[in-house]
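Participant: Quick one: this structure, given as structure tokens, is what I'll be asking you about.
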Amino acid sequence: MSNTIFDKILAGDIPVDSVFEDEDVLAFNDVNPKAPVHVLVIPKKRASRFSELSGRPIEEIGRFFAAVSRIAALLDLDENGYRVVINNGPDGGQEVEYLHAHILGGRRLTWPPG
Ligand code: 5GP
């Protein structure tokens with residue numbers, strides 16, 4: 001499926017509260033935040049799931065994760081820390097079939113997740 005809500009956001013058809021954008025990624029605030037800071041980072045080169053990255057060039061994968069790390073720093077989360085979550089597929093709790101990393105921070109998060 002390639003017409004998810006995140007495809008529409010990337011196409012500019014649905015407005016978001018964006019926090020960062022470059023040639024590789026778009027980052028925006030989650031509409032239903034689970035922490036004081038809850039930002040979603042999506043790659044502009046489409047993947048439905050994290051599991052698809054196994055077939056992608058290392059450079060592309062590396063640029064995505066470097067962007068996530070840079071965005072967390074921009075959000076001023078480096079000192080206190082944060083969590084990066086990628087839900088993959090039904091058992092992973094993925095609701096939107098467009099690869100996205102959650103950056104969660106601004107409070108002490110519990111472990112393990114439910
Ligand atoms: P998943 O469960 O797929 O890992 O996470 C999907 C996330 O997308 C959820 O945290 C949900 O709140 C967020 N989300 C779903 N629809 C929208 C939307 O239209 N705008 C924004 N900003 N976030 C969304």
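Just remember, in the structure tokens the first chain shown is A, the second B, etc., residues are 1-based per chain, and ligands are 1-based in the order shown.
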Throw together the list of residues within 7 Å of ligand 1, counting only C-alpha atoms and all ligand atoms, and drop it here as a list of chain:residue names.
Facilitator: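 The neighbouring residues of ligand 1 are, in order, A:Ile5, A:Val16, A:Asp17, A:Phe28, A:Asn29, A:Asp30, A:Val31, A:Asn32, A:Pro33, A:Ile86, A:Asn87, A:Gly93, A:Gln94, A:Glu95, A:Val96, A:Glu97, A:His100.
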Participant: Go ahead and dump the residues you just picked, all heavy atoms, as a tab-separated table (two decimals), in the first residue's frame.
Facilitator:
```tsv
chain	number	residue	atom	x	y	z
A	5	ILE	N	-1.43	7.65	5.25
A	5	ILE	CA	-1.49	9.03	5.73
A	5	ILE	C	-0.11	9.71	5.61
A	5	ILE	O	-0.03	10.91	5.32
A	5	ILE	CB	-2.03	9.05	7.18
A	5	ILE	CG1	-2.42	10.44	7.62
A	5	ILE	CG2	-1.08	8.45	8.16
A	5	ILE	CD1	-3.88	10.69	7.56
A	16	VAL	N	1.10	19.16	8.55
A	16	VAL	CA	1.68	18.66	9.80
A	16	VAL	C	2.48	19.77	10.46
A	16	VAL	O	2.84	20.76	9.82
A	16	VAL	CB	2.63	17.45	9.59
A	16	VAL	CG1	1.86	16.17	9.39
A	16	VAL	CG2	3.64	17.70	8.50
A	17	ASP	N	2.75	19.56	11.73
A	17	ASP	CA	3.58	20.47	12.50
A	17	ASP	C	5.03	19.99	12.32
A	17	ASP	O	5.53	19.20	13.12
A	17	ASP	CB	3.11	20.40	13.96
A	17	ASP	CG	3.83	21.38	14.84
A	17	ASP	OD1	4.53	22.25	14.31
A	17	ASP	OD2	3.68	21.26	16.07
A	28	PHE	N	8.11	15.44	11.95
A	28	PHE	CA	6.96	16.24	12.40
A	28	PHE	C	6.44	15.71	13.72
A	28	PHE	O	6.66	14.54	14.08
A	28	PHE	CB	5.84	16.24	11.34
A	28	PHE	CG	5.46	14.87	10.84
A	28	PHE	CD1	4.43	14.17	11.42
A	28	PHE	CD2	6.14	14.28	9.78
A	28	PHE	CE1	4.07	12.91	10.97
A	28	PHE	CE2	5.80	13.02	9.31
A	28	PHE	CZ	4.76	12.33	9.91
A	29	ASN	N	5.73	16.56	14.44
A	29	ASN	CA	5.18	16.17	15.73
A	29	ASN	C	4.06	15.16	15.55
A	29	ASN	O	3.20	15.30	14.68
A	29	ASN	CB	4.65	17.40	16.48
A	29	ASN	CG	5.77	18.24	17.05
A	29	ASN	OD1	6.66	17.72	17.71
A	29	ASN	ND2	5.74	19.54	16.80
A	30	ASP	N	4.08	14.13	16.41
A	30	ASP	CA	3.02	13.12	16.40
A	30	ASP	C	1.72	13.77	16.85
A	30	ASP	O	1.69	14.56	17.79
A	30	ASP	CB	3.39	11.96	17.34
A	30	ASP	CG	2.53	10.74	17.10
A	30	ASP	OD1	1.30	10.80	17.34
A	30	ASP	OD2	3.08	9.70	16.68
A	31	VAL	N	0.63	13.44	16.15
A	31	VAL	CA	-0.67	14.05	16.45
A	31	VAL	C	-1.21	13.59	17.81
A	31	VAL	O	-2.03	14.28	18.41
A	31	VAL	CB	-1.66	13.73	15.29
A	31	VAL	CG1	-2.19	12.29	15.37
A	31	VAL	CG2	-2.79	14.73	15.23
A	32	ASN	N	-0.72	12.45	18.29
A	32	ASN	CA	-1.19	11.89	19.56
A	32	ASN	C	0.03	11.54	20.42
A	32	ASN	O	0.39	10.38	20.58
A	32	ASN	CB	-2.04	10.64	19.25
A	32	ASN	CG	-2.61	10.02	20.49
A	32	ASN	OD1	-2.66	10.63	21.55
A	32	ASN	ND2	-3.04	8.78	20.36
A	33	PRO	N	0.69	12.59	20.96
A	33	PRO	CA	2.00	12.38	21.59
A	33	PRO	C	1.94	11.49	22.84
A	33	PRO	O	1.03	11.60	23.65
A	33	PRO	CB	2.45	13.80	21.95
A	33	PRO	CG	1.22	14.63	21.95
A	33	PRO	CD	0.26	13.98	21.00
A	86	ILE	N	10.99	1.97	16.37
A	86	ILE	CA	10.44	1.67	15.04
A	86	ILE	C	9.56	0.44	15.18
A	86	ILE	O	10.06	-0.66	15.45
A	86	ILE	CB	11.55	1.43	14.00
A	86	ILE	CG1	12.41	2.69	13.83
A	86	ILE	CG2	10.93	1.01	12.66
A	86	ILE	CD1	13.57	2.54	12.87
A	87	ASN	N	8.27	0.64	15.06
A	87	ASN	CA	7.34	-0.49	15.10
A	87	ASN	C	7.30	-1.12	13.72
A	87	ASN	O	7.21	-0.42	12.70
A	87	ASN	CB	5.95	0.00	15.51
A	87	ASN	CG	5.94	0.58	16.91
A	87	ASN	OD1	6.63	0.09	17.79
A	87	ASN	ND2	5.17	1.64	17.12
A	93	GLY	N	3.23	-3.60	16.39
A	93	GLY	CA	2.32	-2.48	16.69
A	93	GLY	C	2.34	-1.38	15.65
A	93	GLY	O	1.92	-0.25	15.92
A	94	GLN	N	2.81	-1.70	14.42
A	94	GLN	CA	2.86	-0.67	13.37
A	94	GLN	C	1.45	-0.42	12.84
A	94	GLN	O	0.77	-1.35	12.38
A	94	GLN	CB	3.77	-1.12	12.23
A	94	GLN	CG	3.92	-0.07	11.14
A	94	GLN	CD	4.89	-0.48	10.03
A	94	GLN	OE1	5.40	-1.61	10.02
A	94	GLN	NE2	5.13	0.42	9.10
A	95	GLU	N	1.03	0.83	12.90
A	95	GLU	CA	-0.31	1.19	12.41
A	95	GLU	C	-0.25	1.82	11.03
A	95	GLU	O	-1.17	1.65	10.24
A	95	GLU	CB	-0.98	2.17	13.39
A	95	GLU	CG	-1.38	1.49	14.69
A	95	GLU	CD	-1.89	2.48	15.73
A	95	GLU	OE1	-1.92	3.69	15.45
A	95	GLU	OE2	-2.26	2.01	16.82
A	96	VAL	N	0.79	2.57	10.76
A	96	VAL	CA	0.92	3.24	9.47
A	96	VAL	C	2.00	2.52	8.66
A	96	VAL	O	3.15	2.44	9.10
A	96	VAL	CB	1.28	4.74	9.63
A	96	VAL	CG1	1.41	5.40	8.27
A	96	VAL	CG2	0.24	5.46	10.48
A	97	GLU	N	1.60	2.01	7.49
A	97	GLU	CA	2.51	1.20	6.67
A	97	GLU	C	3.42	2.08	5.82
A	97	GLU	O	3.44	1.98	4.58
A	97	GLU	CB	1.72	0.23	5.81
A	97	GLU	CG	1.16	-0.95	6.59
A	97	GLU	CD	2.16	-2.10	6.74
A	97	GLU	OE1	2.97	-2.32	5.83
A	97	GLU	OE2	2.13	-2.76	7.79
A	100	HIS	N	8.65	4.67	9.71
A	100	HIS	CA	8.85	5.88	10.51
A	100	HIS	C	9.54	5.53	11.81
A	100	HIS	O	9.28	4.49	12.41
A	100	HIS	CB	7.52	6.60	10.79
A	100	HIS	CG	6.46	5.71	11.37
A	100	HIS	ND1	5.74	4.83	10.61
A	100	HIS	CD2	6.01	5.57	12.64
A	100	HIS	CE1	4.88	4.19	11.37
A	100	HIS	NE2	5.03	4.61	12.62
```
Participant: Output as CSV one row per residue of stretch 75-107 of chain A within 9 Å of stretch 36-42 of chain A: the closest atom pair and its distance in Å to one decimal place, counting only C-alpha atoms, sorted by chain and residue number ascending.
Facilitator:
```
residue,atom,partner,partner_atom,distance
A:Leu75,CA,A:Val37,CA,8.1
A:Leu77,CA,A:Val37,CA,8.9
A:Tyr98,CA,A:Ile42,CA,7.7
A:Leu99,CA,A:Ile42,CA,6.2
A:His100,CA,A:Ile42,CA,4.7
A:Ala101,CA,A:Val41,CA,5.1
A:His102,CA,A:Leu40,CA,4.7
A:Ile103,CA,A:Val39,CA,5.1
A:Leu104,CA,A:His38,CA,4.7
A:Gly105,CA,A:Val37,CA,5.0
A:Gly106,CA,A:Pro36,CA,5.1
A:Arg107,CA,A:Pro36,CA,6.8
```
Participant: Generate the output file for the selected residues, all heavy atoms, as a short mmCIF file (atom, residue, chain, number, x, y, z; two decimals), in the first residue's frame.
Facilitator:
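Saved file result37.cif follows:
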```cif
data_model
loop_
_atom_site.label_atom_id
_atom_site.label_comp_id
_atom_site.auth_asym_id
_atom_site.auth_seq_id
_atom_site.Cartn_x
_atom_site.Cartn_y
_atom_site.Cartn_z
N LEU A 75 16.25 18.77 18.84
CA LEU A 75 15.15 18.85 19.80
C LEU A 75 15.66 19.01 21.23
O LEU A 75 14.88 19.00 22.18
CB LEU A 75 14.27 17.59 19.69
CG LEU A 75 13.55 17.41 18.35
CD1 LEU A 75 12.97 15.99 18.23
CD2 LEU A 75 12.44 18.45 18.19
N LEU A 77 17.55 16.94 23.02
CA LEU A 77 17.33 15.73 23.83
C LEU A 77 18.62 15.00 24.19
O LEU A 77 18.58 14.03 24.96
CB LEU A 77 16.40 14.77 23.08
CG LEU A 77 14.98 15.25 22.83
CD1 LEU A 77 14.23 14.25 21.96
CD2 LEU A 77 14.24 15.47 24.16
N TYR A 98 4.12 2.96 6.50
CA TYR A 98 5.17 3.77 5.89
C TYR A 98 6.24 3.89 6.97
O TYR A 98 5.94 4.36 8.08
CB TYR A 98 4.62 5.15 5.50
CG TYR A 98 5.58 5.98 4.66
CD1 TYR A 98 5.22 6.40 3.38
CD2 TYR A 98 6.84 6.35 5.15
CE1 TYR A 98 6.10 7.16 2.60
CE2 TYR A 98 7.71 7.08 4.38
CZ TYR A 98 7.34 7.49 3.11
OH TYR A 98 8.22 8.24 2.35
N LEU A 99 7.43 3.43 6.66
CA LEU A 99 8.50 3.40 7.67
C LEU A 99 8.63 4.73 8.41
O LEU A 99 8.71 5.79 7.77
CB LEU A 99 9.82 3.06 6.99
CG LEU A 99 11.09 3.19 7.86
CD1 LEU A 99 11.07 2.20 9.01
CD2 LEU A 99 12.34 3.03 7.00
N HIS A 100 8.65 4.67 9.71
CA HIS A 100 8.85 5.88 10.51
C HIS A 100 9.54 5.53 11.81
O HIS A 100 9.28 4.49 12.41
CB HIS A 100 7.52 6.60 10.79
CG HIS A 100 6.46 5.71 11.37
ND1 HIS A 100 5.74 4.83 10.61
CD2 HIS A 100 6.01 5.57 12.64
CE1 HIS A 100 4.88 4.19 11.37
NE2 HIS A 100 5.03 4.61 12.62
N ALA A 101 10.41 6.44 12.24
CA ALA A 101 11.04 6.32 13.56
C ALA A 101 10.36 7.30 14.50
O ALA A 101 10.14 8.47 14.14
CB ALA A 101 12.53 6.64 13.45
N HIS A 102 10.00 6.82 15.67
CA HIS A 102 9.48 7.70 16.73
C HIS A 102 10.68 8.17 17.55
O HIS A 102 11.50 7.36 17.96
CB HIS A 102 8.56 6.95 17.69
CG HIS A 102 7.35 6.32 17.08
ND1 HIS A 102 6.08 6.81 17.33
CD2 HIS A 102 7.19 5.25 16.27
CE1 HIS A 102 5.20 6.05 16.69
NE2 HIS A 102 5.83 5.10 16.05
N ILE A 103 10.75 9.47 17.82
CA ILE A 103 11.71 9.99 18.80
C ILE A 103 10.87 10.44 19.99
O ILE A 103 10.00 11.30 19.86
CB ILE A 103 12.51 11.19 18.27
CG1 ILE A 103 13.33 10.80 17.04
CG2 ILE A 103 13.43 11.75 19.36
CD1 ILE A 103 14.05 11.99 16.37
N LEU A 104 11.13 9.80 21.14
CA LEU A 104 10.36 10.08 22.36
C LEU A 104 11.29 10.61 23.43
O LEU A 104 12.33 10.00 23.71
CB LEU A 104 9.69 8.79 22.85
CG LEU A 104 8.65 8.19 21.90
CD1 LEU A 104 8.63 6.68 22.00
CD2 LEU A 104 7.27 8.76 22.20
N GLY A 105 10.90 11.70 24.07
CA GLY A 105 11.74 12.26 25.11
C GLY A 105 11.00 13.28 25.95
O GLY A 105 9.80 13.49 25.80
N GLY A 106 11.76 13.89 26.86
CA GLY A 106 11.18 14.91 27.71
C GLY A 106 10.64 14.39 29.02
O GLY A 106 10.14 15.16 29.85
N ARG A 107 10.71 13.09 29.23
CA ARG A 107 10.37 12.50 30.53
C ARG A 107 11.11 11.16 30.64
O ARG A 107 11.61 10.63 29.63
CB ARG A 107 8.87 12.28 30.70
CG ARG A 107 8.27 11.21 29.82
CD ARG A 107 6.82 10.93 30.23
NE ARG A 107 6.10 10.12 29.25
CZ ARG A 107 6.14 8.80 29.16
NH1 ARG A 107 6.93 8.10 29.99
NH2 ARG A 107 5.44 8.16 28.25
#
```
Participant: Just the strand (DSSP E) stuff from stretch 6-107 of chain A, please, per backbone DSSP, written as a list in words.
Facilitator: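 Those in stretch 6-107 of chain A that DSSP calls strand (DSSP E) are Ser18, Val19, Phe20, Glu21, Val25, Leu26, Ala27, Phe28, Asn29, Val37, His38, Val39, Leu40, Val41, Ile42, Pro43, Tyr82, Arg83, Val84, Val85, Ala101, His102, Ile103, Leu104 and Gly105 of chain A.
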Participant: Limited to C-alpha atoms, could you put the picked residues into a file as a compact mmCIF listing (two decimals), in the first residue's frame?
Facilitator:
```
# COMPACT_ATOMS: atom_id res chain seq x y z
CA SER A 18 6.97 19.88 10.91
CA VAL A 19 10.18 20.22 12.94
CA PHE A 20 12.80 19.39 10.30
CA GLU A 21 13.10 18.63 6.61
CA VAL A 25 13.67 12.98 5.62
CA LEU A 26 10.68 14.82 6.97
CA ALA A 27 10.17 15.08 10.75
CA PHE A 28 6.96 16.24 12.40
CA ASN A 29 5.18 16.17 15.73
CA VAL A 37 8.52 15.31 22.87
CA HIS A 38 7.17 12.86 20.30
CA VAL A 39 8.46 13.38 16.79
CA LEU A 40 8.08 11.07 13.79
CA VAL A 41 10.83 10.87 11.19
CA ILE A 42 10.00 9.46 7.76
CA PRO A 43 12.39 8.82 4.87
CA TYR A 82 15.52 9.82 24.52
CA ARG A 83 14.16 6.70 22.89
CA VAL A 84 13.99 5.81 19.20
CA VAL A 85 11.25 3.32 18.36
CA ALA A 101 11.04 6.32 13.56
CA HIS A 102 9.48 7.70 16.73
CA ILE A 103 11.71 9.99 18.80
CA LEU A 104 10.36 10.08 22.36
CA GLY A 105 11.74 12.26 25.11
```
Participant: Between atom CA of A:Lys44 and atom CA of A:Leu74, what is the distance, to one decimal in Å?
Facilitator: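 Taking atom CA of A:Lys44 and atom CA of A:Leu74, their separation equals 19.4 Å.
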Participant: Quote the spacing between atom CA of A:Pro90 and atom CA of A:Asn3 in Å to one decimal place.
Facilitator: 18.1 Å
